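Structure first, then comments.
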Amino acid sequence: MILEMKVPSPGESIKEVEIATWLVKDGDYVEKDQAIAEVDSDKATLELPAEASGVITLKAEEGDAVAVGAIVCLIDTGAAKPSGAAPVAAAPVAEAPKAEVKVEAPKAAPAAPSYAAGTPSPAARKILDEKNIAPETIVGTGKAGRITKEDAVNAVPSMGTPTGGSRGVERTKLSMLRRKVSERLVAAKNDTAMLTTFNEVNMTPINNLRNEYKDAFKAKHGGVSLGYMSFFTKAVTRALQLYPDVNSMMDGDYKVAYDFCDISIAVSGPKGLMVPVVRNAENLTFRGVEAEIKRLALRARDGQITVDDMTGGTFTITNGGVFGSMLSTPIINPPQSGILGMHNIIERPIAVNGKVEIHPMMYVALSYDHRIIDGRESVGFLVAVKEALENPVELLCDNNPKKAFEL
């Protein structure tokens, strides 16, 4: 029986996928549920499992865009599973070699050099002059070695280096996920009135809390660490409740406001940028936030992230500081209206009560859609985030860190 395997639907809005990699070869025997291919959608990379055991026949090439529901391979379920190596056939009896008569072909006389070799046509000469390329450096492909217009168009000026280094060029097709991310980033720049406001945060209070409780937190919660992301997520959800316009979106002539905080966390995966969502983050404890972020980050790293994991989100947090970024203007993750950018922590001198002190400082940036968020809301939101991070015991832990950390 021949089973036709069709592309399953990764999500409601996805109409086609791209065959990123075949994990088997044409004619291989595959087992049921064995991963046979990786397919890229515009939101995630997914594995395609075999629906039955048998010999597979591929019907699509790597890089092909295939519609959802289209046939990508056939599986012959009646084929027997190979059992070890095939027996070695007996060696044929060698025959006595037959005498061969060698007849040498007559050698062609070398062609006399033509006066046209290396001479450009009038159109080719004009193009070479415009490119400032000497005709002597071009090998003509025309009759008798003449340089044609096409030769001149394709000619590239020599840019050899005195060190003799490699000058190779590689051209690779972007994955469907990377192309979709590119489209969304350009759309965010073109379709929103995006502005960015900045502030800085003194990280000393958070560092002091983490140093005091991180070991007990990790021991209590099965290896889940008390990181910075839970403090920032809690500070963001508090600020979103104070400034609900930042937690809303444009939908044509309407504003869509949410009474929940689904926080998208930008993480770097093997296939590029992924933005999984922490659902109802306003209801999660520090342990809940850290555990969910760890779960989603591991799924992204291992290529197991799903479309559902990245669907939705009302606000995004991105941390360029892990790569050493000091300051940046993050791009809104459409259709959201705001994104908070975290950066690296550097000890800098600041004025505290009239005295110069050195503290670990972080620049934070809020990019927002000015069509729906005014300056007062955007600045107020970022100040609220700063206040919570600089006074975490009172504003994030309700003056009881042990209870907040569930110790």
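Each chain of the structure tokens is named A, B, ... in the order shown, its residues numbered from 1; ligands are numbered from 1 in display order.
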
For this session: Write out as a ChimeraX atom specification the residues lying within 10 Å of segment 350-360 of chain A, counting only C-alpha atoms and excluding same-chain residues fewer than 6 positions away.
Result: /A:201-205,207,344

Would you put the residues from that selection into a file with C-alpha atoms, as a compact mmCIF listing (two decimals), in the first residue's frame?
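Output saved as result.txt:
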# COMPACT_ATOMS: atom_id res chain seq x y z
CA VAL A 201 18.32 51.85 36.26
CA ASN A 202 20.51 51.45 39.31
CA MET A 203 20.76 47.66 39.62
CA THR A 204 22.25 47.67 43.16
CA PRO A 205 18.94 46.83 44.95
CA ASN A 207 21.82 42.64 42.93
CA ASN A 344 24.41 45.35 29.65

Exercise. Could you pull the residues within 12 Å of segment 49-62 of chain A, counting only C-alpha atoms, minus those fewer than 4 positions along the same chain, as a count of residues only?
Worked result: 49

Set the distance at 12 Å and use only C-alpha atoms: which residues neighbour Arg179 of chain A once local chain neighbours fewer than 2 positions away are removed? I'd like the list as a PDB file with N, CA and C atoms, in the first residue's frame.
ATOM      1  N   GLU A  18       8.162  25.588   4.023  1.00  0.00           N
ATOM      2  CA  GLU A  18       9.322  25.360   3.165  1.00  0.00           C
ATOM      3  C   GLU A  18      10.091  24.145   3.681  1.00  0.00           C
ATOM      4  N   ASP A  40      10.147  24.722   7.584  1.00  0.00           N
ATOM      5  CA  ASP A  40      10.071  26.084   8.103  1.00  0.00           C
ATOM      6  C   ASP A  40       8.723  26.687   7.752  1.00  0.00           C
ATOM      7  N   SER A  41       8.048  27.233   8.751  1.00  0.00           N
ATOM      8  CA  SER A  41       6.900  28.089   8.487  1.00  0.00           C
ATOM      9  C   SER A  41       7.343  29.517   8.732  1.00  0.00           C
ATOM     10  N   ASP A  42       6.433  30.474   8.602  1.00  0.00           N
ATOM     11  CA  ASP A  42       6.816  31.858   8.842  1.00  0.00           C
ATOM     12  C   ASP A  42       6.881  32.177  10.330  1.00  0.00           C
ATOM     13  N   LYS A  43       6.660  31.171  11.188  1.00  0.00           N
ATOM     14  CA  LYS A  43       6.699  31.414  12.630  1.00  0.00           C
ATOM     15  C   LYS A  43       7.637  30.476  13.373  1.00  0.00           C
ATOM     16  N   ALA A  44       7.899  29.282  12.838  1.00  0.00           N
ATOM     17  CA  ALA A  44       8.722  28.327  13.581  1.00  0.00           C
ATOM     18  C   ALA A  44       9.225  27.248  12.638  1.00  0.00           C
ATOM     19  N   LYS A 173      20.021  30.969   0.347  1.00  0.00           N
ATOM     20  CA  LYS A 173      18.645  31.430   0.462  1.00  0.00           C
ATOM     21  C   LYS A 173      18.251  31.525   1.921  1.00  0.00           C
ATOM     22  N   LEU A 174      17.587  32.627   2.288  1.00  0.00           N
ATOM     23  CA  LEU A 174      17.113  32.794   3.655  1.00  0.00           C
ATOM     24  C   LEU A 174      15.987  31.812   3.932  1.00  0.00           C
ATOM     25  N   SER A 175      15.925  31.327   5.162  1.00  0.00           N
ATOM     26  CA  SER A 175      14.833  30.447   5.545  1.00  0.00           C
ATOM     27  C   SER A 175      13.516  31.222   5.538  1.00  0.00           C
ATOM     28  N   MET A 176      12.419  30.479   5.480  1.00  0.00           N
ATOM     29  CA  MET A 176      11.113  31.132   5.492  1.00  0.00           C
ATOM     30  C   MET A 176      10.921  31.926   6.774  1.00  0.00           C
ATOM     31  N   LEU A 177      11.423  31.397   7.888  1.00  0.00           N
ATOM     32  CA  LEU A 177      11.303  32.100   9.166  1.00  0.00           C
ATOM     33  C   LEU A 177      12.053  33.418   9.121  1.00  0.00           C
ATOM     34  N   VAL A 181      10.514  37.169   9.425  1.00  0.00           N
ATOM     35  CA  VAL A 181      10.986  38.132  10.420  1.00  0.00           C
ATOM     36  C   VAL A 181      11.393  39.433   9.738  1.00  0.00           C
ATOM     37  N   SER A 182      12.070  39.329   8.591  1.00  0.00           N
ATOM     38  CA  SER A 182      12.490  40.521   7.851  1.00  0.00           C
ATOM     39  C   SER A 182      11.283  41.348   7.418  1.00  0.00           C
ATOM     40  N   GLU A 183      10.277  40.660   6.906  1.00  0.00           N
ATOM     41  CA  GLU A 183       9.065  41.367   6.470  1.00  0.00           C
ATOM     42  C   GLU A 183       8.396  42.084   7.637  1.00  0.00           C
ATOM     43  N   ARG A 184       8.328  41.419   8.784  1.00  0.00           N
ATOM     44  CA  ARG A 184       7.665  42.012   9.940  1.00  0.00           C
ATOM     45  C   ARG A 184       8.443  43.207  10.475  1.00  0.00           C
ATOM     46  N   LEU A 185       9.766  43.124  10.459  1.00  0.00           N
ATOM     47  CA  LEU A 185      10.569  44.243  10.942  1.00  0.00           C
ATOM     48  C   LEU A 185      10.414  45.464  10.035  1.00  0.00           C
ATOM     49  N   VAL A 186      10.442  45.227   8.726  1.00  0.00           N
ATOM     50  CA  VAL A 186      10.259  46.343   7.790  1.00  0.00           C
ATOM     51  C   VAL A 186       8.858  46.928   7.932  1.00  0.00           C
ATOM     52  N   LYS A 271      17.668  28.821  14.704  1.00  0.00           N
ATOM     53  CA  LYS A 271      17.094  29.254  13.434  1.00  0.00           C
ATOM     54  C   LYS A 271      16.921  30.772  13.369  1.00  0.00           C
ATOM     55  N   GLY A 272      17.338  31.483  14.404  1.00  0.00           N
ATOM     56  CA  GLY A 272      17.174  32.931  14.422  1.00  0.00           C
ATOM     57  C   GLY A 272      16.367  33.390  15.623  1.00  0.00           C
ATOM     58  N   LEU A 273      15.857  34.609  15.534  1.00  0.00           N
ATOM     59  CA  LEU A 273      15.120  35.212  16.641  1.00  0.00           C
ATOM     60  C   LEU A 273      13.779  34.525  16.849  1.00  0.00           C
TER      61      LEU A 273
END

Exercise. Which is closest to Tyr368 of chain A among A:Val236, A:Ile138, A:Met249, A:Leu327, if we use only C-alpha atoms?
Worked result: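 Nearest candidate to Tyr368 of chain A out of A:Val236, A:Ile138, A:Met249, A:Leu327: A:Met249.
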
For this session: Please give the complete set of residues from segment 121-321 of chain A that DSSP, run on the backbone, assigns to helix (DSSP H, G or I), formatted as an MDAnalysis selection string.
Result: chainID A and resid 122:131 135:137 143:145 149:154 176:191 204:220 228:242 244:247 281:283 286:301 307:310 320:321

Problem set entry | Option closest in space to Ile14 of chain A, from A:Asp308, A:Asp374, A:Asp129, A:Glu390 [counting only C-alpha atoms] |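 Ranking A:Asp308, A:Asp374, A:Asp129, A:Glu390 by distance to Ile14 of chain A, first place goes to A:Asp308.
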
Problem set entry | Residue neighbourhood Asn283 of chain A, 10 Å, only C-alpha atoms, exclusion window fewer than 5 positions, as JSON, numbers by chain | {"A": [234, 237, 260, 261, 288, 289]}

For this session: Give me the residues within 12 Å of Ala384 of chain A as a list in words, counting only C-alpha atoms and dropping any in the same chain fewer than 6 places off.
Result: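 That gives Asn199, Glu200, Val201, Phe232, Lys234, Ala235, Val236, Thr237, Arg238, Ala239, Leu240, Gln241, Leu242, Tyr243, Leu366, Arg376, Glu377, Ser378, Glu390, Asn391, Pro392, Leu395 and Leu396 of chain A.
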
Expected file contents, prior selection, C-alpha atoms, as a CSV table (one decimal), in the first residue's frame:
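Done, and the output landed in selection.csv:
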chain,number,residue,atom,x,y,z
A,199,ASN,CA,16.1,55.9,31.1
A,200,GLU,CA,18.7,54.2,33.3
A,201,VAL,CA,18.3,51.8,36.3
A,232,PHE,CA,11.9,42.9,34.7
A,234,LYS,CA,7.2,41.7,37.2
A,235,ALA,CA,8.2,45.4,36.8
A,236,VAL,CA,6.7,45.5,33.3
A,237,THR,CA,3.4,43.9,34.3
A,238,ARG,CA,3.0,46.4,37.1
A,239,ALA,CA,3.7,49.3,34.8
A,240,LEU,CA,1.3,47.9,32.2
A,241,GLN,CA,-1.5,47.9,34.8
A,242,LEU,CA,-0.6,51.5,35.6
A,243,TYR,CA,-0.5,52.6,32.0
A,366,LEU,CA,11.1,51.7,25.4
A,376,ARG,CA,3.1,61.1,28.9
A,377,GLU,CA,2.2,57.4,28.9
A,378,SER,CA,5.4,56.2,27.4
A,390,GLU,CA,15.2,50.4,42.1
A,391,ASN,CA,12.8,49.6,44.9
A,392,PRO,CA,12.0,45.9,44.4
A,395,LEU,CA,7.0,47.5,44.9
A,396,LEU,CA,7.7,43.9,43.7

Problem set entry | d(atom CA of Ala257 of chain A, atom CA of Ile332 of chain A) in Å |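 Between atom CA of Ala257 of chain A and atom CA of Ile332 of chain A the gap is 16.9 Å.
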
Exercise. Arg295 of chain A: which residues within 12 Å, counting only C-alpha atoms, same-chain residues fewer than 5 positions away excluded, as a PyMOL selection string?
Worked result: chain A and resi 224+265+267+276-278+288-290+300-302+304-305+309

Output C-alpha atoms for every residue in that selection, as a PDB file, in the first residue's frame.
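File written: again.pdb
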ATOM      1  CA  VAL A 224      15.380  27.257  38.747  1.00  0.00           C
ATOM      2  CA  ILE A 265      10.376  37.252  25.550  1.00  0.00           C
ATOM      3  CA  VAL A 267      15.341  34.702  22.647  1.00  0.00           C
ATOM      4  CA  PRO A 276       7.769  32.866  22.807  1.00  0.00           C
ATOM      5  CA  VAL A 277       5.038  34.185  25.080  1.00  0.00           C
ATOM      6  CA  VAL A 278       4.690  33.994  28.872  1.00  0.00           C
ATOM      7  CA  GLY A 288       6.608  30.932  37.927  1.00  0.00           C
ATOM      8  CA  VAL A 289       8.146  33.528  35.612  1.00  0.00           C
ATOM      9  CA  GLU A 290      11.642  32.053  35.826  1.00  0.00           C
ATOM     10  CA  ALA A 300      13.692  27.408  21.347  1.00  0.00           C
ATOM     11  CA  ARG A 301      17.299  26.240  21.721  1.00  0.00           C
ATOM     12  CA  ASP A 302      16.380  22.624  20.933  1.00  0.00           C
ATOM     13  CA  GLN A 304      11.036  22.340  19.629  1.00  0.00           C
ATOM     14  CA  ILE A 305       9.240  25.690  19.837  1.00  0.00           C
ATOM     15  CA  ASP A 309       4.217  29.099  21.924  1.00  0.00           C
TER      16      ASP A 309
END

For this session: State, in Å with one decimal place, the distance from atom CA of Val364 of chain A to atom CA of Ser328 of chain A.
Result: 8.6 Å

Residues within 8 Å of Phe217 of chain A, please, as a compact mmCIF listing (two decimals) with C-alpha atoms, in the first residue's frame. Count only C-alpha atoms; anything in the same chain fewer than 5 positions from it doesn't count.
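Written out: part-v1.txt:
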# COMPACT_ATOMS: atom_id res chain seq x y z
CA VAL A 224 15.38 27.26 38.75
CA SER A 225 17.60 30.33 39.08
CA LEU A 226 16.57 33.76 40.35
CA PHE A 405 10.35 34.11 46.45
CA GLU A 406 8.30 31.28 48.04
CA LEU A 407 11.08 30.34 50.46
